[in-house]
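Colleague: Okay, so here is coords-v8.tsv, and as you'll see once you scroll down, it has TSV, N, CA and C atoms.
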```tsv
chain	number	residue	atom	x	y	z
T	650	MET	N	49.17	111.01	-59.58
T	650	MET	CA	48.61	109.86	-60.25
T	650	MET	C	48.66	108.66	-59.30
T	651	GLN	N	47.57	107.93	-59.25
T	651	GLN	CA	47.53	106.73	-58.42
T	651	GLN	C	48.30	105.61	-59.10
T	652	LYS	N	48.83	104.73	-58.31
T	652	LYS	CA	49.57	103.59	-58.85
T	652	LYS	C	48.60	102.54	-59.36
T	653	LEU	N	48.90	102.02	-60.54
T	653	LEU	CA	48.16	100.88	-61.09
T	653	LEU	C	48.85	99.61	-60.62
T	654	THR	N	48.08	98.57	-60.37
T	654	THR	CA	48.69	97.31	-59.98
T	654	THR	C	48.19	96.19	-60.90
T	655	GLN	N	49.00	95.16	-61.01
T	655	GLN	CA	48.60	94.01	-61.81
T	655	GLN	C	47.36	93.36	-61.21
T	656	HIS	N	47.26	93.38	-59.88
T	656	HIS	CA	46.08	92.82	-59.20
T	656	HIS	C	44.81	93.52	-59.69
T	657	GLU	N	44.84	94.85	-59.79
T	657	GLU	CA	43.69	95.60	-60.31
T	657	GLU	C	43.35	95.16	-61.72
T	658	LEU	N	44.38	95.05	-62.56
T	658	LEU	CA	44.16	94.72	-63.97
T	658	LEU	C	43.63	93.30	-64.13
T	659	ASN	N	44.01	92.41	-63.24
T	659	ASN	CA	43.54	91.03	-63.32
T	659	ASN	C	42.05	90.90	-63.03
T	660	GLN	N	41.43	91.97	-62.51
T	660	GLN	CA	39.99	91.95	-62.25
T	660	GLN	C	39.19	92.04	-63.54
T	661	PHE	N	39.83	92.47	-64.62
T	661	PHE	CA	39.15	92.56	-65.91
T	661	PHE	C	39.26	91.21	-66.60
T	662	ILE	N	38.10	90.59	-66.81
T	662	ILE	CA	38.11	89.23	-67.35
T	662	ILE	C	37.34	89.12	-68.67
T	663	GLY	N	36.99	90.24	-69.24
T	663	GLY	CA	36.36	90.23	-70.56
T	663	GLY	C	34.86	90.42	-70.49
T	664	ASP	N	34.37	91.20	-71.42
T	664	ASP	CA	32.94	91.40	-71.61
T	664	ASP	C	32.74	91.89	-73.03
T	665	LEU	N	31.56	92.30	-73.37
T	665	LEU	CA	31.26	92.68	-74.75
T	665	LEU	C	31.35	94.18	-75.02
T	666	VAL	N	31.65	94.98	-74.00
T	666	VAL	CA	31.76	96.43	-74.17
T	666	VAL	C	33.05	96.75	-74.91
T	667	ARG	N	32.97	97.65	-75.90
T	667	ARG	CA	34.14	98.09	-76.65
T	667	ARG	C	34.08	99.59	-76.85
T	668	TYR	N	35.26	100.19	-76.95
T	668	TYR	CA	35.40	101.63	-77.21
T	668	TYR	C	36.19	101.78	-78.50
T	669	ARG	N	35.76	102.67	-79.37
T	669	ARG	CA	36.42	102.86	-80.67
T	669	ARG	C	37.48	103.95	-80.57
T	670	HIS	N	38.64	103.68	-81.15
T	670	HIS	CA	39.69	104.69	-81.19
T	670	HIS	C	39.26	105.80	-82.14
T	671	PRO	N	39.44	107.06	-81.75
T	671	PRO	CA	38.92	108.15	-82.58
T	671	PRO	C	39.67	108.38	-83.90
T	672	LEU	N	40.92	107.98	-83.99
T	672	LEU	CA	41.69	108.23	-85.22
T	672	LEU	C	41.82	107.00	-86.10
T	673	ASN	N	42.09	105.86	-85.52
T	673	ASN	CA	42.16	104.62	-86.29
T	673	ASN	C	40.86	103.86	-85.98
T	674	ARG	N	39.86	104.03	-86.82
T	674	ARG	CA	38.53	103.49	-86.57
T	674	ARG	C	38.49	101.97	-86.62
T	675	LYS	N	39.56	101.33	-87.11
T	675	LYS	CA	39.63	99.87	-87.12
T	675	LYS	C	40.09	99.32	-85.77
T	676	VAL	N	40.45	100.21	-84.84
T	676	VAL	CA	40.93	99.80	-83.52
T	676	VAL	C	39.84	100.06	-82.49
T	677	ILE	N	39.51	99.01	-81.74
T	677	ILE	CA	38.59	99.13	-80.60
T	677	ILE	C	39.32	98.58	-79.39
T	678	TYR	N	38.84	98.90	-78.20
T	678	TYR	CA	39.52	98.42	-77.00
T	678	TYR	C	38.51	98.14	-75.90
T	679	THR	N	38.95	97.33	-74.97
T	679	THR	CA	38.10	96.81	-73.90
T	679	THR	C	38.07	97.74	-72.69
T	680	PRO	N	37.17	97.47	-71.74
T	680	PRO	CA	37.15	98.24	-70.50
T	680	PRO	C	38.47	98.17	-69.73
T	681	GLY	N	39.16	97.05	-69.80
T	681	GLY	CA	40.45	96.93	-69.11
T	681	GLY	C	41.48	97.89	-69.67
T	682	VAL	N	41.56	97.98	-70.99
T	682	VAL	CA	42.49	98.91	-71.62
T	682	VAL	C	42.06	100.35	-71.34
T	683	LYS	N	40.77	100.61	-71.35
T	683	LYS	CA	40.27	101.95	-71.02
T	683	LYS	C	40.66	102.32	-69.58
T	684	TYR	N	40.56	101.36	-68.67
T	684	TYR	CA	40.93	101.60	-67.28
T	684	TYR	C	42.41	101.98	-67.17
T	685	VAL	N	43.26	101.26	-67.90
T	685	VAL	CA	44.69	101.58	-67.92
T	685	VAL	C	44.90	103.00	-68.41
T	686	ALA	N	44.21	103.36	-69.50
T	686	ALA	CA	44.36	104.70	-70.07
T	686	ALA	C	43.89	105.78	-69.10
T	687	GLU	N	42.78	105.53	-68.41
T	687	GLU	CA	42.24	106.53	-67.49
T	687	GLU	C	43.07	106.61	-66.21
T	688	LYS	N	43.24	105.50	-65.53
T	688	LYS	CA	43.91	105.53	-64.24
T	688	LYS	C	45.41	105.79	-64.39
T	689	GLY	N	45.99	105.28	-65.47
T	689	GLY	CA	47.41	105.49	-65.70
T	689	GLY	C	47.72	106.74	-66.50
T	690	GLU	N	46.67	107.54	-66.79
T	690	GLU	CA	46.81	108.74	-67.61
T	690	GLU	C	47.61	108.41	-68.87
T	691	ALA	N	47.15	107.37	-69.58
T	691	ALA	CA	47.93	106.83	-70.68
T	691	ALA	C	47.11	106.60	-71.94
T	692	TYR	N	46.23	107.54	-72.26
T	692	TYR	CA	45.56	107.42	-73.56
T	692	TYR	C	46.60	107.45	-74.68
T	693	TRP	N	47.73	108.07	-74.41
T	693	TRP	CA	48.82	108.10	-75.39
T	693	TRP	C	49.28	106.69	-75.76
T	694	LEU	N	49.17	105.74	-74.84
T	694	LEU	CA	49.58	104.37	-75.11
T	694	LEU	C	48.65	103.73	-76.14
T	695	ILE	N	47.35	103.93	-75.99
T	695	ILE	CA	46.40	103.44	-76.99
T	695	ILE	C	46.65	104.12	-78.33
T	696	ASP	N	46.91	105.44	-78.29
T	696	ASP	CA	47.19	106.17	-79.52
T	696	ASP	C	48.43	105.62	-80.22
T	697	ALA	N	49.47	105.33	-79.45
T	697	ALA	CA	50.71	104.81	-80.04
T	697	ALA	C	50.46	103.48	-80.74
T	698	ILE	N	49.78	102.58	-80.06
T	698	ILE	CA	49.49	101.27	-80.66
T	698	ILE	C	48.61	101.43	-81.89
T	699	ALA	N	47.56	102.22	-81.78
T	699	ALA	CA	46.64	102.43	-82.90
T	699	ALA	C	47.34	103.06	-84.10
T	700	SER	N	48.34	103.91	-83.84
T	700	SER	CA	49.05	104.56	-84.95
T	700	SER	C	49.94	103.57	-85.70
T	701	TRP	N	50.40	102.52	-85.03
T	701	TRP	CA	51.22	101.50	-85.69
T	701	TRP	C	50.39	100.50	-86.47
T	702	ILE	N	49.20	100.18	-85.97
T	702	ILE	CA	48.37	99.16	-86.63
T	702	ILE	C	47.91	99.69	-87.99
T	703	GLY	N	48.26	98.98	-89.03
T	703	GLY	CA	47.93	99.38	-90.39
T	703	GLY	C	48.99	100.23	-91.05
T	704	SER	N	50.04	100.59	-90.31
T	704	SER	CA	51.11	101.41	-90.88
T	704	SER	C	51.91	100.57	-91.88
T	705	GLU	N	52.78	101.25	-92.61
T	705	GLU	CA	53.63	100.56	-93.59
T	705	GLU	C	54.51	99.51	-92.91
T	706	VAL	N	55.10	99.86	-91.79
T	706	VAL	CA	55.95	98.91	-91.05
T	706	VAL	C	55.14	97.70	-90.62
T	707	PHE	N	53.95	97.93	-90.12
T	707	PHE	CA	53.07	96.86	-89.67
T	707	PHE	C	52.70	95.95	-90.84
T	708	THR	N	52.28	96.55	-91.94
T	708	THR	CA	51.85	95.79	-93.11
T	708	THR	C	52.99	94.95	-93.67
T	709	GLU	N	54.19	95.52	-93.69
T	709	GLU	CA	55.35	94.78	-94.19
T	709	GLU	C	55.66	93.59	-93.28
T	710	ALA	N	55.61	93.80	-91.96
T	710	ALA	CA	55.86	92.70	-91.02
T	710	ALA	C	54.80	91.61	-91.18
T	711	ALA	N	53.54	92.00	-91.35
T	711	ALA	CA	52.45	91.03	-91.50
T	711	ALA	C	52.59	90.24	-92.80
T	712	SER	N	53.16	90.86	-93.83
T	712	SER	CA	53.35	90.14	-95.10
T	712	SER	C	54.42	89.06	-94.97
T	713	LYS	N	55.31	89.21	-93.99
T	713	LYS	CA	56.38	88.23	-93.76
T	713	LYS	C	55.99	87.18	-92.71
T	714	ASP	N	55.03	87.51	-91.86
T	714	ASP	CA	54.60	86.59	-90.79
T	714	ASP	C	53.08	86.72	-90.65
T	715	CYS	N	52.35	85.75	-91.20
T	715	CYS	CA	50.89	85.85	-91.24
T	715	CYS	C	50.24	85.86	-89.86
T	716	ARG	N	50.95	85.43	-88.82
T	716	ARG	CA	50.38	85.47	-87.46
T	716	ARG	C	50.03	86.89	-87.06
T	717	ILE	N	50.83	87.85	-87.52
T	717	ILE	CA	50.63	89.25	-87.16
T	717	ILE	C	49.29	89.77	-87.67
T	718	GLU	N	48.82	89.22	-88.78
T	718	GLU	CA	47.54	89.65	-89.35
T	718	GLU	C	46.35	89.30	-88.47
T	719	TYR	N	46.53	88.38	-87.53
T	719	TYR	CA	45.42	87.90	-86.70
T	719	TYR	C	45.58	88.24	-85.22
T	720	MET	N	46.83	88.21	-84.76
T	720	MET	CA	47.07	88.49	-83.35
T	720	MET	C	48.53	88.84	-83.16
T	721	HIS	N	48.77	89.79	-82.28
T	721	HIS	CA	50.14	90.12	-81.91
T	721	HIS	C	50.10	90.75	-80.51
T	722	PHE	N	51.28	90.97	-79.95
T	722	PHE	CA	51.39	91.29	-78.54
T	722	PHE	C	52.27	92.53	-78.34
T	723	TRP	N	51.73	93.51	-77.61
T	723	TRP	CA	52.43	94.76	-77.32
T	723	TRP	C	52.90	94.75	-75.87
T	724	THR	N	54.09	95.28	-75.63
T	724	THR	CA	54.61	95.44	-74.28
T	724	THR	C	55.20	96.83	-74.15
T	725	LEU	N	54.86	97.48	-73.06
T	725	LEU	CA	55.49	98.75	-72.69
T	725	LEU	C	56.36	98.46	-71.47
T	726	THR	N	57.65	98.80	-71.55
T	726	THR	CA	58.53	98.69	-70.39
T	726	THR	C	59.02	100.09	-70.04
T	727	VAL	N	59.02	100.40	-68.76
T	727	VAL	CA	59.39	101.73	-68.29
T	727	VAL	C	60.62	101.61	-67.42
T	728	GLY	N	61.65	102.39	-67.76
T	728	GLY	CA	62.88	102.40	-66.97
T	728	GLY	C	62.77	103.29	-65.76
T	729	ASP	N	63.72	103.14	-64.85
T	729	ASP	CA	63.75	103.96	-63.63
T	729	ASP	C	63.93	105.44	-63.95
T	730	ASP	N	64.50	105.75	-65.11
T	730	ASP	CA	64.74	107.14	-65.50
T	730	ASP	C	63.56	107.77	-66.23
T	731	GLY	N	62.44	107.03	-66.38
T	731	GLY	CA	61.26	107.56	-67.03
T	731	GLY	C	61.22	107.34	-68.53
T	732	THR	N	62.28	106.79	-69.09
T	732	THR	CA	62.23	106.43	-70.51
T	732	THR	C	61.46	105.12	-70.63
T	733	ALA	N	60.93	104.87	-71.81
T	733	ALA	CA	60.15	103.65	-72.00
T	733	ALA	C	60.36	103.12	-73.42
T	734	THR	N	60.04	101.86	-73.58
T	734	THR	CA	60.07	101.23	-74.90
T	734	THR	C	58.75	100.50	-75.10
T	735	LEU	N	58.15	100.75	-76.24
T	735	LEU	CA	56.94	100.06	-76.65
T	735	LEU	C	57.32	99.16	-77.80
T	736	TYR	N	56.99	97.89	-77.69
T	736	TYR	CA	57.31	97.00	-78.80
T	736	TYR	C	56.20	96.00	-79.03
T	737	ALA	N	56.16	95.50	-80.28
T	737	ALA	CA	55.16	94.51	-80.69
T	737	ALA	C	55.88	93.28	-81.21
T	738	LYS	N	55.33	92.11	-80.86
T	738	LYS	CA	55.88	90.83	-81.31
T	738	LYS	C	54.75	89.96	-81.83
T	739	ALA	N	55.11	89.07	-82.74
T	739	ALA	CA	54.15	88.09	-83.23
T	739	ALA	C	53.88	87.05	-82.16
T	740	ASP	N	54.89	86.75	-81.35
T	740	ASP	CA	54.76	85.80	-80.25
T	740	ASP	C	55.93	86.01	-79.30
T	741	SER	N	55.86	85.43	-78.14
T	741	SER	CA	56.79	85.66	-77.06
T	741	SER	C	58.28	85.54	-77.42
T	742	PRO	N	58.73	84.44	-77.99
T	742	PRO	CA	60.18	84.35	-78.21
T	742	PRO	C	60.66	85.11	-79.45
T	743	ASP	N	59.75	85.60	-80.28
T	743	ASP	CA	60.13	86.24	-81.53
T	743	ASP	C	60.72	87.63	-81.30
T	744	GLU	N	61.48	88.08	-82.29
T	744	GLU	CA	62.00	89.44	-82.28
T	744	GLU	C	60.84	90.43	-82.47
T	745	ALA	N	60.98	91.60	-81.91
T	745	ALA	CA	59.96	92.64	-82.08
T	745	ALA	C	59.95	93.10	-83.53
T	746	PHE	N	58.76	93.31	-84.07
T	746	PHE	CA	58.65	93.85	-85.43
T	746	PHE	C	58.38	95.35	-85.41
T	747	ILE	N	58.03	95.88	-84.27
T	747	ILE	CA	57.90	97.33	-84.06
T	747	ILE	C	58.54	97.65	-82.72
T	748	VAL	N	59.38	98.68	-82.70
T	748	VAL	CA	59.99	99.18	-81.47
T	748	VAL	C	59.90	100.69	-81.49
T	749	GLN	N	59.34	101.26	-80.44
T	749	GLN	CA	59.24	102.72	-80.32
T	749	GLN	C	59.82	103.13	-78.99
T	750	THR	N	60.77	104.05	-79.02
T	750	THR	CA	61.35	104.61	-77.80
T	750	THR	C	60.52	105.81	-77.38
T	751	ILE	N	60.21	105.86	-76.11
T	751	ILE	CA	59.43	106.97	-75.56
T	751	ILE	C	60.36	107.71	-74.59
T	752	PRO	N	60.71	108.96	-74.91
T	752	PRO	CA	61.74	109.66	-74.15
T	752	PRO	C	61.37	109.92	-72.68
T	753	PHE	N	60.07	110.06	-72.39
T	753	PHE	CA	59.67	110.25	-70.99
T	753	PHE	C	58.22	109.83	-70.81
T	754	THR	N	57.97	109.15	-69.71
T	754	THR	CA	56.61	108.85	-69.27
T	754	THR	C	56.60	108.73	-67.76
T	755	ASP	N	55.46	109.05	-67.19
T	755	ASP	CA	55.27	108.80	-65.76
T	755	ASP	C	54.26	107.66	-65.56
T	756	PHE	N	54.19	106.78	-66.57
T	756	PHE	CA	53.29	105.64	-66.47
T	756	PHE	C	53.59	104.90	-65.17
T	757	PRO	N	52.56	104.54	-64.40
T	757	PRO	CA	52.77	104.05	-63.04
T	757	PRO	C	53.16	102.57	-62.87
T	758	MET	N	53.37	101.85	-63.94
T	758	MET	CA	53.81	100.45	-63.83
T	758	MET	C	55.14	100.30	-64.57
T	759	SER	N	55.95	99.34	-64.15
T	759	SER	CA	57.23	99.13	-64.83
T	759	SER	C	57.05	98.45	-66.18
T	760	SER	N	55.94	97.73	-66.35
T	760	SER	CA	55.63	97.15	-67.65
T	760	SER	C	54.15	96.78	-67.71
T	761	ILE	N	53.67	96.69	-68.93
T	761	ILE	CA	52.29	96.27	-69.16
T	761	ILE	C	52.22	95.59	-70.52
T	762	ASP	N	51.38	94.58	-70.61
T	762	ASP	CA	51.14	93.88	-71.86
T	762	ASP	C	49.73	94.20	-72.34
T	763	ILE	N	49.62	94.47	-73.63
T	763	ILE	CA	48.32	94.65	-74.28
T	763	ILE	C	48.33	93.78	-75.53
T	764	TRP	N	47.33	92.95	-75.64
T	764	TRP	CA	47.23	92.05	-76.78
T	764	TRP	C	46.31	92.65	-77.83
T	765	ALA	N	46.55	92.31	-79.09
T	765	ALA	CA	45.73	92.81	-80.20
T	765	ALA	C	45.28	91.63	-81.04
T	766	GLY	N	43.97	91.50	-81.20
T	766	GLY	CA	43.41	90.43	-82.00
T	766	GLY	C	42.49	91.00	-83.07
T	767	PHE	N	42.52	90.38	-84.26
T	767	PHE	CA	41.72	90.86	-85.38
T	767	PHE	C	40.52	89.93	-85.57
T	768	ASP	N	39.32	90.51	-85.67
T	768	ASP	CA	38.10	89.71	-85.83
T	768	ASP	C	37.59	89.70	-87.27
T	769	GLY	N	38.40	90.18	-88.20
T	769	GLY	CA	37.99	90.28	-89.59
T	769	GLY	C	37.53	91.68	-89.95
T	770	GLU	N	37.22	92.49	-88.94
T	770	GLU	CA	36.78	93.86	-89.17
T	770	GLU	C	37.54	94.86	-88.31
T	771	HIS	N	37.76	94.52	-87.04
T	771	HIS	CA	38.41	95.43	-86.09
T	771	HIS	C	39.58	94.75	-85.38
T	772	TRP	N	40.53	95.58	-85.00
T	772	TRP	CA	41.58	95.15	-84.09
T	772	TRP	C	41.10	95.48	-82.68
T	773	THR	N	41.02	94.47	-81.82
T	773	THR	CA	40.63	94.69	-80.44
T	773	THR	C	41.86	94.66	-79.56
T	774	LEU	N	42.08	95.73	-78.81
T	774	LEU	CA	43.16	95.81	-77.82
T	774	LEU	C	42.59	95.36	-76.49
T	775	TYR	N	43.27	94.43	-75.83
T	775	TYR	CA	42.77	93.94	-74.55
T	775	TYR	C	43.90	93.48	-73.65
T	776	LEU	N	43.60	93.40	-72.37
T	776	LEU	CA	44.56	92.91	-71.38
T	776	LEU	C	44.60	91.39	-71.45
T	777	PRO	N	45.75	90.78	-71.11
T	777	PRO	CA	45.80	89.31	-71.12
T	777	PRO	C	44.71	88.66	-70.27
T	778	SER	N	44.33	89.27	-69.16
T	778	SER	CA	43.28	88.69	-68.30
T	778	SER	C	41.91	88.72	-68.98
T	779	GLU	N	41.77	89.52	-70.03
T	779	GLU	CA	40.49	89.60	-70.75
T	779	GLU	C	40.40	88.63	-71.92
T	780	HIS	N	41.43	87.82	-72.10
T	780	HIS	CA	41.45	86.86	-73.21
T	780	HIS	C	40.48	85.71	-72.97
```
If you convert what's in this file into structure tokens, what do you get?

Modeller:
Amino acid sequence: MQKLTQHELNQFIGDLVRYRHPLNRKVIYTPGVKYVAEKGEAYWLIDAIASWIGSEVFTEAASKDCRIEYMHFWTLTVGDDGTATLYAKADSPDEAFIVQTIPFTDFPMSSIDIWAGFDGEHWTLYLPSEH
């Protein structure tokens, strides 16, 4: 697997192309997120995020913090031992409202951020540079 770099990801600055998640049809994602999934062999990352959006845990958190209903922020951190943690926050200093431990990954970056915004119909997953 080739290494992904933040420099590569910063080249994605937003456009109108979207890809629909096959299982959670309310989730769409940008070319930048698709690039991460393809080059990082990490379609599982999109699947993980899409599986949480709309879940009972997600809905309960959104009922307590209305910001989550419109926008929230996902981070994947990868340890040197190949374990990883995926978490979602309403905003940077807040506690995570979703935390998922991933027992092993060979994802090629030590961390990545994916933002999720709701347009009234779909949740769009995108890279911060695409905002």

Colleague: Check which residues of region 671-703 of chain T sit at most 7 Å from region 756-777 of chain T using only C-alpha atoms, and return one row each with the closest pair of atoms and their distance in Å to one decimal, ordered by chain and rising number, as a Markdown table.

Modeller:
```
| residue | atom | partner | partner_atom | distance |
| --- | --- | --- | --- | --- |
| T:Lys675 | CA | T:His771 | CA | 4.7 |
| T:Val676 | CA | T:Trp772 | CA | 4.7 |
| T:Ile677 | CA | T:Thr773 | CA | 4.9 |
| T:Tyr678 | CA | T:Leu774 | CA | 4.6 |
| T:Thr679 | CA | T:Tyr775 | CA | 5.5 |
| T:Gly681 | CA | T:Leu776 | CA | 6.2 |
| T:Val682 | CA | T:Tyr775 | CA | 5.8 |
| T:Gly689 | CA | T:Phe756 | CA | 5.9 |
| T:Ala691 | CA | T:Phe756 | CA | 6.9 |
```

Colleague: Which parts of region 698-771 of chain T does DSSP call helix (DSSP H, G or I) when run on the backbone here, written out as a PyMOL selection string?

Modeller: chain T and resi 698-701+705-713+715-718

Colleague: Figure out the distance between CA of Val685 (chain T) and CA of Gly663 (chain T), please, to one decimal in Å.

Modeller: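 Taking CA of Gly663 (chain T) as the start and CA of Val685 (chain T) as the end point, the length is 14.3 Å.
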
Colleague: Which parts of chain T does DSSP call strand (DSSP E or B) when run on the backbone here, written out as a PyMOL selection string?

Modeller: chain T and resi 668-669+676-678+720-727+733-738+745-751+760-767+772-775

Colleague: Nearest to Ala739 (chain T) among T:Val666, T:Val727, T:Pro752, T:Tyr719, with distances taken over only C-alpha atoms: which residue is it?

Modeller: T:Tyr719

Colleague: Of the residues T:Tyr668, T:Cys715, T:Asp730, T:Ala697, which is the one nearest to Lys683 (chain T), using all atoms listed in the file?

Modeller: T:Tyr668

Colleague: Nearest to Thr724 (chain T) among T:Val748, T:Asp743, T:Leu658, T:Trp701, with distances taken over only C-alpha atoms: which residue is it?

Modeller: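 Closest to Thr724 (chain T), using only C-alpha atoms: T:Val748.
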
Colleague: In terms of the shortest atom-to-atom distance over only C-alpha atoms, which of T:Leu725, T:Ile662, T:Ala710, T:Leu694 is closest to Pro680 (chain T)?

Modeller: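 Looking at the shortest contact to Pro680 (chain T), the residue is T:Ile662.
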
Colleague: Which residue, T:Glu779, T:Ala737, T:Gly731, T:Ser704, has the smallest gap to Phe753 (chain T) when you use only N, CA and C atoms?

Modeller: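 Selected residue with least distance to Phe753 (chain T): T:Gly731.
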
Colleague: Could you work out how far atom N of Ile698 (chain T) lies from atom N of Tyr684 (chain T), giving the answer in Å with one decimal?

Modeller: 14.7 Å
